[in-house]
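**Student:** Got a structure for you, written out below as structure tokens; questions coming shortly.
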Amino acid sequence: MRSYLVAIAAFAALMSWPARAQGDAKAEICAASDDSAQSPEQRIAACTSLIQDGKNATLEELSKLHTNRGAAYWYIDNMKAAFSDFNRAIALDPKNARAFRERSNAYRSAGRLDRALADADAAVRLDPNDAVAFDTRGNVYNNLGQFDKAIADYDQALKLDPENAQTFMDRGVAYYFKEDYRAAIKDYDESIKRRPNSARAFTNRGSAYKKLGDQEHALADASQAIKIEPTDPINFDNRGLTYQQAGDNDRAIADFDEAIRLRPQASFLTNRGDSYNAKGDYDRAISDYDRAIKLDPKFVRAYNNRGAAWRRKGDLDRAIADYEQALRIDPQMDTAAENVAALREERDRRQAAKAGGGAGVNTVLPTFDCSAARRAVEKAICSDPELARLDRQIDDAYRAALAKLDRRAAADLRHRQRAFIVRRDRAFGDPDYQIKKELERRLAKLREMGG
């Protein structure tokens, strides 16, 4: 009798083997990582099948299945389904640290940083030995602009996992935004050592070199990113920006052409427009800004920079209209506000000069009202067409440079421009002061900054 029961048990085990094997295969697919051979859709299907068949599964096991499926949904940007799975996973097992970590990533993608931070805190609290949890919270702090806290979390993540290329990359980003570009480069170096085929690591390191003015290394890294991922338009756009900063607008335009061919995008078109603007080809620049605005009617930089092109073409009304639209989209855009004020004054002066029968519309006027000039240097500029032209060109170059800078750098340039004017006014009249040479020197410096 016993041998009969053993035989029955052996037969039952044999018959159930394909089902067990199939279940194990599904479990392996469901738990696969983002960089595995399994597509997100395959992972979702496998997880869904296991969840539907999981009547005998524990709450912890079901929680893990929902976490895995939520991560796959998040990867394909199905945020509604992702949040549904993460919420279900946490309801089934409130101690599932990974579910909190993954939901934190989803909240961060959705821009809900307060909830992202709360979930990252929970993940760290539930599993203080999980390096990825600290990296996740560091990413949230990075988005919040709390870079020192981000770096502290990345430091802890690297203590727990010293070979994690992604954490070196993320900490490099924090150092970059802190403007500690050399520290950022060191971290990108470490990331590249561990993951030499990461195009993004080369792109980021190139950006840091660019900030240090090291164009040679910046271009080498940008080119390496293209070599690794030749179908990613962002890599061509990035190298184009590097060429643009170096003043090589022809090569910049060639790279922007390729980026636009791969994926027409408002930012790529605006960047190419900027290079045409710098070359003095205002019609092509305006055409690119037009296309950018058609693709994204709220892309503020396209309005601002199109305003600069209209201004250089001499169409002040259209320039003012574009700057005003930029301000409607972003009321904090200082460059647009300054340009509107300056252009309104200039338009009024031209109209007054034309109506009064004095200087014609084509007469070069300085950036200030000559009828109100009181200082000797202002009177000298008003009385000399060449000095007036230099004053106008300096103002154009100054505003072009402002348009390319972030807010901190732009504020610094405004301070230096005011300091230049103060020095000019004080030095004028000194025997050794040559105003034309000083204006030419300032113009060259600003044009170098503005590309």
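Chain labels A, B, ... are given in the sequence in which chains occur in the structure tokens; within each chain residues are numbered consecutively from 1, and ligands are likewise numbered from 1 in the order shown.
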If we count only C-alpha atoms and set the cut-off at 6 Å, which residues sit around stretch 92-108 of chain A, ignoring sequence neighbours fewer than 5 positions away in its own chain? Please answer as a VMD selection string.

**Tutor:** chain A and resid 59 to 60 63 67 86 113 116 119 to 120 123 126

**Student:** Using C-alpha atoms, can you export the residues from the last selection as a PDB file, in the first residue's frame?

**Tutor:**
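Resulting contents of again12.pdb:
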ATOM      1  CA  LEU A  59       0.204  39.077   1.219  1.00  0.00           C
ATOM      2  CA  GLU A  60       3.958  39.761   1.034  1.00  0.00           C
ATOM      3  CA  SER A  63       2.762  42.899  -2.662  1.00  0.00           C
ATOM      4  CA  THR A  67       5.524  46.315  -7.005  1.00  0.00           C
ATOM      5  CA  PHE A  86       2.256  50.738  -5.847  1.00  0.00           C
ATOM      6  CA  LEU A 113       8.275  66.148  -4.780  1.00  0.00           C
ATOM      7  CA  ALA A 116       8.324  61.622  -3.361  1.00  0.00           C
ATOM      8  CA  ASP A 119       8.080  57.825   0.323  1.00  0.00           C
ATOM      9  CA  ALA A 120      11.871  57.914   0.016  1.00  0.00           C
ATOM     10  CA  ALA A 123      12.034  53.374   2.145  1.00  0.00           C
ATOM     11  CA  LEU A 126      12.217  50.412   6.452  1.00  0.00           C
TER      12      LEU A 126
END

**Student:** Wanna dump the stretch 100-212 of chain A-stretch 403-409 of chain A contacts at 12 Å for me, each residue with its shortest atom pair and the distance in Å to one decimal, counting only C-alpha atoms, ordered by chain and number, as JSON lines?

**Tutor:**
{"residue": "A:Phe177", "atom": "CA", "partner": "A:Asp406", "partner_atom": "CA", "distance": 11.5}
{"residue": "A:Lys178", "atom": "CA", "partner": "A:Arg408", "partner_atom": "CA", "distance": 11.7}
{"residue": "A:Glu179", "atom": "CA", "partner": "A:Arg408", "partner_atom": "CA", "distance": 10.8}
{"residue": "A:Lys211", "atom": "CA", "partner": "A:Leu405", "partner_atom": "CA", "distance": 11.4}

**Student:** For those residues, write C-alpha atoms to a file as a short mmCIF file (atom, residue, chain, number, x, y, z; two decimals), in the first residue's frame.

**Tutor:**
data_model
loop_
_atom_site.label_atom_id
_atom_site.label_comp_id
_atom_site.auth_asym_id
_atom_site.auth_seq_id
_atom_site.Cartn_x
_atom_site.Cartn_y
_atom_site.Cartn_z
CA PHE A 177 24.35 71.95 -9.92
CA LYS A 178 26.41 73.12 -6.94
CA GLU A 179 28.80 74.49 -9.61
CA LYS A 211 31.45 74.97 -17.84
#

**Student:** Give the answer as one residue: which of A:Arg137, A:Leu144, A:Asn78, A:Ala222 has the shortest atom-to-atom distance to A:Asp170, using only C-alpha atoms?

**Tutor:** A:Arg137

**Student:** Excluding stretch 273-290 of chain A and residues on its chain fewer than 2 positions from it, collect all residues at most 10 Å away from it, counting only C-alpha atoms, and give them as a ChimeraX atom specification.

**Tutor:** /A:240-241,243-245,247-253,256,266-271,292-297,299,301-313,397,400,403-404,447,450-451

**Student:** Write out as a list of chain:residue names the residues lying within 8 Å of stretch 258-262 of chain A, counting only C-alpha atoms and excluding same-chain residues fewer than 2 positions away.

**Tutor:**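 Answer for this query is A:Thr231, A:Asp232, A:Pro233, A:Ile234, A:Asn235, A:Phe236, A:Asp237, A:Ala254, A:Asp255, A:Phe256, A:Pro264, A:Gln265, A:Phe268, A:Leu269.
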
**Student:** Could you write those residues out with C-alpha atoms, as a PDB file, in the first residue's frame?

**Tutor:**
ATOM      1  CA  THR A 231      20.279  57.626 -32.888  1.00  0.00           C
ATOM      2  CA  ASP A 232      19.683  59.762 -29.799  1.00  0.00           C
ATOM      3  CA  PRO A 233      19.013  63.365 -30.941  1.00  0.00           C
ATOM      4  CA  ILE A 234      19.933  64.746 -27.514  1.00  0.00           C
ATOM      5  CA  ASN A 235      23.557  63.747 -28.100  1.00  0.00           C
ATOM      6  CA  PHE A 236      23.712  65.748 -31.340  1.00  0.00           C
ATOM      7  CA  ASP A 237      21.958  68.691 -29.694  1.00  0.00           C
ATOM      8  CA  ALA A 254      25.123  70.639 -38.718  1.00  0.00           C
ATOM      9  CA  ASP A 255      24.577  68.879 -35.375  1.00  0.00           C
ATOM     10  CA  PHE A 256      21.271  70.633 -34.762  1.00  0.00           C
ATOM     11  CA  PRO A 264      11.847  67.693 -34.390  1.00  0.00           C
ATOM     12  CA  GLN A 265      11.698  69.416 -31.011  1.00  0.00           C
ATOM     13  CA  PHE A 268      16.528  71.816 -30.955  1.00  0.00           C
ATOM     14  CA  LEU A 269      14.967  74.292 -33.385  1.00  0.00           C
TER      15      LEU A 269
END

**Student:** Between atom CA of A:Leu402 and atom CA of A:Arg414, what is the spacing in Å?

**Tutor:**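 About the pair atom CA of A:Arg414 and atom CA of A:Leu402: they are 8.2 Å apart.
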
**Student:** Name the closest residue to A:Ala45 among the candidates A:Ala246, A:Asn68, A:Thr58, A:Glu163; distances are taken between atoms, counting only C-alpha atoms.

**Tutor:** A:Asn68

**Student:** In terms of the shortest atom-to-atom distance over only C-alpha atoms, which of A:Thr136, A:Ser49, A:Asn197, A:Ser207 is closest to A:Thr167?

**Tutor:**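 Of all the options, A:Thr136 lies closest to A:Thr167.
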